[in-house]
file protein.cif (mmCIF, C-alpha atoms)
data_target
#
loop_
_atom_site.group_PDB
_atom_site.id
_atom_site.type_symbol
_atom_site.label_atom_id
_atom_site.label_comp_id
_atom_site.auth_asym_id
_atom_site.auth_seq_id
_atom_site.Cartn_x
_atom_site.Cartn_y
_atom_site.Cartn_z
ATOM 1 C CA MET A 212 198.985 -98.698 -92.281
ATOM 2 C CA ARG A 213 195.276 -99.519 -92.293
ATOM 3 C CA MET A 214 195.689 -101.484 -89.023
ATOM 4 C CA ARG A 215 197.363 -98.500 -87.318
ATOM 5 C CA ARG A 216 194.535 -96.167 -88.386
ATOM 6 C CA THR A 217 191.907 -98.628 -87.098
ATOM 7 C CA ARG A 218 193.694 -98.890 -83.719
ATOM 8 C CA THR A 219 194.083 -95.115 -83.508
ATOM 9 C CA LEU A 220 190.420 -94.610 -84.337
ATOM 10 C CA ALA A 221 189.384 -97.259 -81.783
ATOM 11 C CA ALA A 222 191.555 -95.628 -79.110
ATOM 12 C CA PHE A 223 189.998 -92.268 -79.910
ATOM 13 C CA PHE A 224 186.448 -93.588 -79.461
ATOM 14 C CA VAL A 225 187.361 -95.375 -76.209
ATOM 15 C CA GLY A 226 188.872 -92.144 -74.902
ATOM 16 C CA LEU A 227 185.790 -90.224 -75.977
ATOM 17 C CA ALA A 228 183.504 -92.675 -74.163
ATOM 18 C CA VAL A 229 185.593 -92.495 -70.968
ATOM 19 C CA THR A 230 185.595 -88.709 -71.084
ATOM 20 C CA ALA A 231 181.837 -88.555 -71.636
ATOM 21 C CA CYS A 232 181.192 -90.759 -68.586
ATOM 22 C CA SER A 233 183.476 -88.915 -66.202
ATOM 23 C CA THR A 234 182.572 -85.899 -64.096
ATOM 24 C CA PRO A 235 183.932 -82.723 -65.650
ATOM 25 C CA GLU A 236 186.531 -80.835 -63.657
ATOM 26 C CA TRP A 237 184.662 -77.548 -64.106
ATOM 27 C CA SER A 238 181.548 -78.711 -62.241
ATOM 28 C CA GLN A 239 180.444 -76.188 -59.648
ATOM 29 C CA THR A 240 179.789 -77.010 -56.013
ATOM 30 C CA PRO A 241 176.077 -76.444 -55.315
ATOM 31 C CA SER A 242 175.084 -73.686 -52.907
ATOM 32 C CA THR A 243 174.216 -74.891 -49.429
ATOM 33 C CA ASN A 244 171.726 -72.074 -48.716
ATOM 34 C CA LYS A 245 171.958 -72.769 -44.985
ATOM 35 C CA ALA A 246 169.586 -70.994 -42.627
ATOM 36 C CA ARG A 247 170.982 -67.782 -41.114
ATOM 37 C CA MET A 248 169.673 -65.078 -38.788
ATOM 38 C CA ASN A 249 169.773 -62.369 -41.455
ATOM 39 C CA VAL A 250 168.889 -63.256 -45.031
ATOM 40 C CA SER A 251 168.915 -61.030 -48.137
ATOM 41 C CA VAL A 252 166.811 -61.923 -51.159
ATOM 42 C CA GLN A 253 167.671 -60.156 -54.402
ATOM 43 C CA PHE A 254 165.431 -59.868 -57.427
ATOM 44 C CA THR A 255 166.012 -58.553 -60.913
ATOM 45 C CA ASP A 256 163.864 -58.310 -64.024
ATOM 46 C CA ALA A 257 163.924 -62.095 -64.373
ATOM 47 C CA SER A 258 165.540 -63.736 -61.334
ATOM 48 C CA LEU A 259 164.987 -64.291 -57.638
ATOM 49 C CA ASN A 260 167.996 -65.258 -55.543
ATOM 50 C CA PRO A 261 167.678 -67.321 -53.470
ATOM 51 C CA GLN A 262 164.354 -68.670 -54.628
ATOM 52 C CA THR A 263 164.089 -70.522 -51.300
ATOM 53 C CA ALA A 264 165.246 -68.265 -48.483
ATOM 54 C CA ARG A 265 166.212 -70.168 -45.321
ATOM 55 C CA VAL A 266 166.163 -68.185 -42.089
ATOM 56 C CA LEU A 267 166.587 -69.192 -38.469
ATOM 57 C CA ALA A 268 163.624 -68.690 -36.126
ATOM 58 C CA GLY A 269 163.633 -65.086 -34.921
ATOM 59 C CA GLY A 270 165.683 -63.991 -37.929
ATOM 60 C CA ASN A 271 165.202 -61.161 -40.391
ATOM 61 C CA LEU A 272 164.479 -61.164 -44.114
ATOM 62 C CA VAL A 273 165.132 -58.294 -46.496
ATOM 63 C CA TRP A 274 164.409 -57.989 -50.245
ATOM 64 C CA LEU A 275 166.588 -55.907 -52.569
ATOM 65 C CA ASN A 276 165.442 -54.727 -55.998
ATOM 66 C CA TYR A 277 168.196 -54.956 -58.625
ATOM 67 C CA SER A 278 165.890 -54.780 -61.631
ATOM 68 C CA THR A 279 166.511 -52.169 -64.278
ATOM 69 C CA ASP A 280 162.966 -51.206 -65.209
ATOM 70 C CA TYR A 281 160.562 -52.535 -62.611
ATOM 71 C CA VAL A 282 159.015 -51.692 -59.268
ATOM 72 C CA GLY A 283 158.565 -54.820 -57.184
ATOM 73 C CA ALA A 284 156.073 -55.857 -54.537
ATOM 74 C CA LEU A 285 155.752 -59.032 -52.513
ATOM 75 C CA LEU A 286 152.419 -60.808 -52.295
ATOM 76 C CA PHE A 287 151.781 -63.264 -49.464
ATOM 77 C CA PRO A 288 148.655 -65.422 -49.097
ATOM 78 C CA THR A 289 146.147 -64.340 -46.425
ATOM 79 C CA SER A 290 147.280 -67.249 -44.224
ATOM 80 C CA ILE A 291 150.648 -65.511 -43.640
ATOM 81 C CA LYS A 292 149.035 -63.280 -40.983
ATOM 82 C CA GLU A 293 148.968 -66.167 -38.481
ATOM 83 C CA ALA A 294 152.648 -66.940 -39.135
ATOM 84 C CA PHE A 295 153.962 -63.545 -37.995
ATOM 85 C CA THR A 296 155.134 -63.092 -34.411
ATOM 86 C CA CYS A 297 153.558 -59.602 -34.275
ATOM 87 C CA ASP A 298 149.960 -58.467 -34.657
ATOM 88 C CA GLU A 299 150.456 -55.308 -36.709
ATOM 89 C CA LEU A 300 151.787 -55.689 -40.257
ATOM 90 C CA ARG A 301 151.122 -52.119 -41.386
ATOM 91 C CA PRO A 302 152.575 -49.934 -42.753
ATOM 92 C CA VAL A 303 154.808 -52.313 -44.753
ATOM 93 C CA LEU A 304 152.186 -54.975 -45.556
ATOM 94 C CA MET A 305 148.635 -54.124 -46.566
ATOM 95 C CA GLU A 306 145.730 -56.535 -46.810
ATOM 96 C CA THR A 307 144.337 -56.780 -50.347
ATOM 97 C CA GLY A 308 141.771 -59.053 -51.947
ATOM 98 C CA ASP A 309 144.616 -61.411 -52.915
ATOM 99 C CA GLY A 310 146.439 -61.555 -49.557
ATOM 100 C CA TYR A 311 149.035 -59.209 -48.087
ATOM 101 C CA GLN A 312 151.002 -56.978 -50.446
ATOM 102 C CA SER A 313 154.193 -55.164 -49.513
ATOM 103 C CA ILE A 314 154.940 -51.534 -50.070
ATOM 104 C CA PRO A 315 156.575 -50.847 -53.464
ATOM 105 C CA ILE A 316 160.222 -51.894 -53.652
ATOM 106 C CA THR A 317 162.141 -49.712 -56.086
ATOM 107 C CA ARG A 318 165.768 -49.872 -57.079
ATOM 108 C CA ASP A 319 166.458 -46.464 -55.575
ATOM 109 C CA SER A 320 164.393 -46.742 -52.384
ATOM 110 C CA GLU A 321 164.965 -48.510 -49.126
ATOM 111 C CA ASN A 322 164.880 -52.280 -49.183
ATOM 112 C CA PHE A 323 161.838 -54.156 -47.927
ATOM 113 C CA THR A 324 162.085 -55.884 -44.540
ATOM 114 C CA LEU A 325 159.371 -58.010 -42.937
ATOM 115 C CA PRO A 326 157.687 -56.221 -40.020
ATOM 116 C CA CYS A 327 158.680 -59.005 -37.589
ATOM 117 C CA PRO A 328 159.966 -62.604 -37.657
ATOM 118 C CA LEU A 329 157.890 -65.523 -38.904
ATOM 119 C CA LYS A 330 157.134 -68.670 -36.902
ATOM 120 C CA ALA A 331 158.838 -71.925 -37.940
ATOM 121 C CA GLY A 332 157.412 -73.291 -41.180
ATOM 122 C CA SER A 333 157.431 -72.928 -44.938
ATOM 123 C CA TYR A 334 155.750 -69.975 -46.653
ATOM 124 C CA ASP A 335 155.207 -69.352 -50.348
ATOM 125 C CA TYR A 336 155.059 -65.847 -51.807
ATOM 126 C CA THR A 337 155.363 -64.086 -55.133
ATOM 127 C CA VAL A 338 157.438 -61.162 -56.308
ATOM 128 C CA GLN A 339 155.285 -59.041 -58.582
ATOM 129 C CA LEU A 340 157.000 -56.728 -61.048
ATOM 130 C CA PHE A 341 155.275 -53.574 -62.307
ATOM 131 C CA ARG A 342 156.332 -51.098 -65.000
ATOM 132 C CA GLY A 343 155.896 -48.067 -62.749
ATOM 133 C CA MET A 344 154.680 -46.756 -59.406
ATOM 134 C CA GLY A 345 151.453 -45.317 -60.806
ATOM 135 C CA ILE A 346 150.062 -48.580 -62.147
ATOM 136 C CA MET A 347 150.473 -51.325 -59.543
ATOM 137 C CA GLN A 348 147.281 -53.219 -60.333
ATOM 138 C CA THR A 349 148.297 -55.861 -62.855
ATOM 139 C CA PRO A 350 151.881 -57.119 -62.622
ATOM 140 C CA THR A 351 153.966 -57.342 -65.778
ATOM 141 C CA SER A 352 155.566 -60.537 -64.469
ATOM 142 C CA VAL A 353 155.580 -62.708 -61.367
ATOM 143 C CA MET A 354 158.266 -64.882 -59.734
ATOM 144 C CA ASN A 355 157.549 -67.469 -57.040
ATOM 145 C CA GLY A 356 159.602 -67.783 -53.881
ATOM 146 C CA THR A 357 159.553 -69.672 -50.611
ATOM 147 C CA ILE A 358 160.622 -68.763 -47.094
ATOM 148 C CA VAL A 359 161.683 -71.614 -44.824
ATOM 149 C CA VAL A 360 161.971 -70.718 -41.152
ATOM 150 C CA GLU A 361 163.923 -73.316 -39.154
#

call {"tool": "encode", "arguments": {"input": "protein.cif", "output": "structure tokens"}}
result
Amino acid sequence: MRMRRTRTLAAFFVGLAVTACSTPEWSQTPSTNKARMNVSVQFTDASLNPQTARVLAGGNLVWLNYSTDYVGALLFPTSIKEAFTCDELRPVLMETGDGYQSIPITRDSENFTLPCPLKAGSYDYTVQLFRGMGIMQTPTSVMNGTIVVE
């Protein structure tokens, strides 16, 4: 009887070790996030999806606000000006002391679209979240994103 219990216990631990080392069946296939001509970037109160937006050269990017309580704005470094294929970024991007800030992006308003395509390269930006339209000076939170133009 004791021998049977020892064998059963040993078989259990061997099975447990094999199971722990194997790939679980529920594993999810990672997103490919391949470059496309038209790319949508969604943000909420605490997420940015995709965090790295891949777009084909000449393509369009649009940001959608799905947050519940925040107004969003994009902030690009000053160097982004040279990356655009157009000269005029107004009225959707305004130069500030920190770079170029987008018009406010609210949940109920139109989405934000870049004024023209970007040249090939990689560009960092931030999504700034504000509590309301009236006070857009100090963001409540910030999320970092990247645009890759291929």

call {"tool": "resolve_selection", "arguments": {"input": "protein.cif", "expression": "the PyMOL selection byres ((chain A and resi 358) around 6)", "output": "ChimeraX atom specification"}}
result
/A:263-264,333-334,357,359

call {"tool": "residues_near_point", "arguments": {"input": "protein.cif", "point": "(164.5, -49.5, -67.6)", "cutoff": "12 Å", "atoms": "all atoms listed in the file", "output": "short mmCIF file (atom, residue, chain, number, x, y, z; two decimals) with C-alpha atoms, keeping the file's coordinate frame"}}
result
data_model
loop_
_atom_site.label_atom_id
_atom_site.label_comp_id
_atom_site.auth_asym_id
_atom_site.auth_seq_id
_atom_site.Cartn_x
_atom_site.Cartn_y
_atom_site.Cartn_z
CA THR A 255 166.01 -58.55 -60.91
CA ASP A 256 163.86 -58.31 -64.02
CA TYR A 277 168.20 -54.96 -58.62
CA SER A 278 165.89 -54.78 -61.63
CA THR A 279 166.51 -52.17 -64.28
CA ASP A 280 162.97 -51.21 -65.21
CA TYR A 281 160.56 -52.54 -62.61
CA VAL A 282 159.01 -51.69 -59.27
CA THR A 317 162.14 -49.71 -56.09
CA ARG A 318 165.77 -49.87 -57.08
CA PHE A 341 155.28 -53.57 -62.31
CA ARG A 342 156.33 -51.10 -65.00
CA GLY A 343 155.90 -48.07 -62.75
#

call {"tool": "resolve_selection", "arguments": {"input": "protein.cif", "expression": "the PyMOL selection byres ((chain A and resi 321) around 12)", "output": "JSON, numbers by chain"}}
result
{"A": [273, 274, 275, 276, 277, 303, 314, 315, 316, 317, 318, 319, 320, 322, 323, 324]}

call {"tool": "atom_distance", "arguments": {"input": "protein.cif", "atom1": "atom CA of A:Asn249", "atom2": "atom CA of A:Leu340"}}
result
24.1 Å

call {"tool": "resolve_selection", "arguments": {"input": "protein.cif", "expression": "the PyMOL selection byres ((chain A and resi 289-301) around 6)", "output": "ChimeraX atom specification"}}
result
/A:288,302-304,310,326,328-330

call {"tool": "write_last_selection", "arguments": {"input": "protein.cif", "atoms": "C-alpha atoms", "output": "tab-separated table (two decimals), in the frame of the given file"}}
result
chain	number	residue	atom	x	y	z
A	288	PRO	CA	148.66	-65.42	-49.10
A	302	PRO	CA	152.57	-49.93	-42.75
A	303	VAL	CA	154.81	-52.31	-44.75
A	304	LEU	CA	152.19	-54.98	-45.56
A	310	GLY	CA	146.44	-61.56	-49.56
A	326	PRO	CA	157.69	-56.22	-40.02
A	328	PRO	CA	159.97	-62.60	-37.66
A	329	LEU	CA	157.89	-65.52	-38.90
A	330	LYS	CA	157.13	-68.67	-36.90

call {"tool": "residues_near_point", "arguments": {"input": "protein.cif", "point": "(171.0, -65.6, -40.5)", "cutoff": "9 Å", "atoms": "only C-alpha atoms", "output": "list in words"}}
result
Lys245, Ala246, Arg247, Met248, Asn249, Val250, Arg265, Val266, Leu267, Gly270, Asn271 and Leu272 of chain A
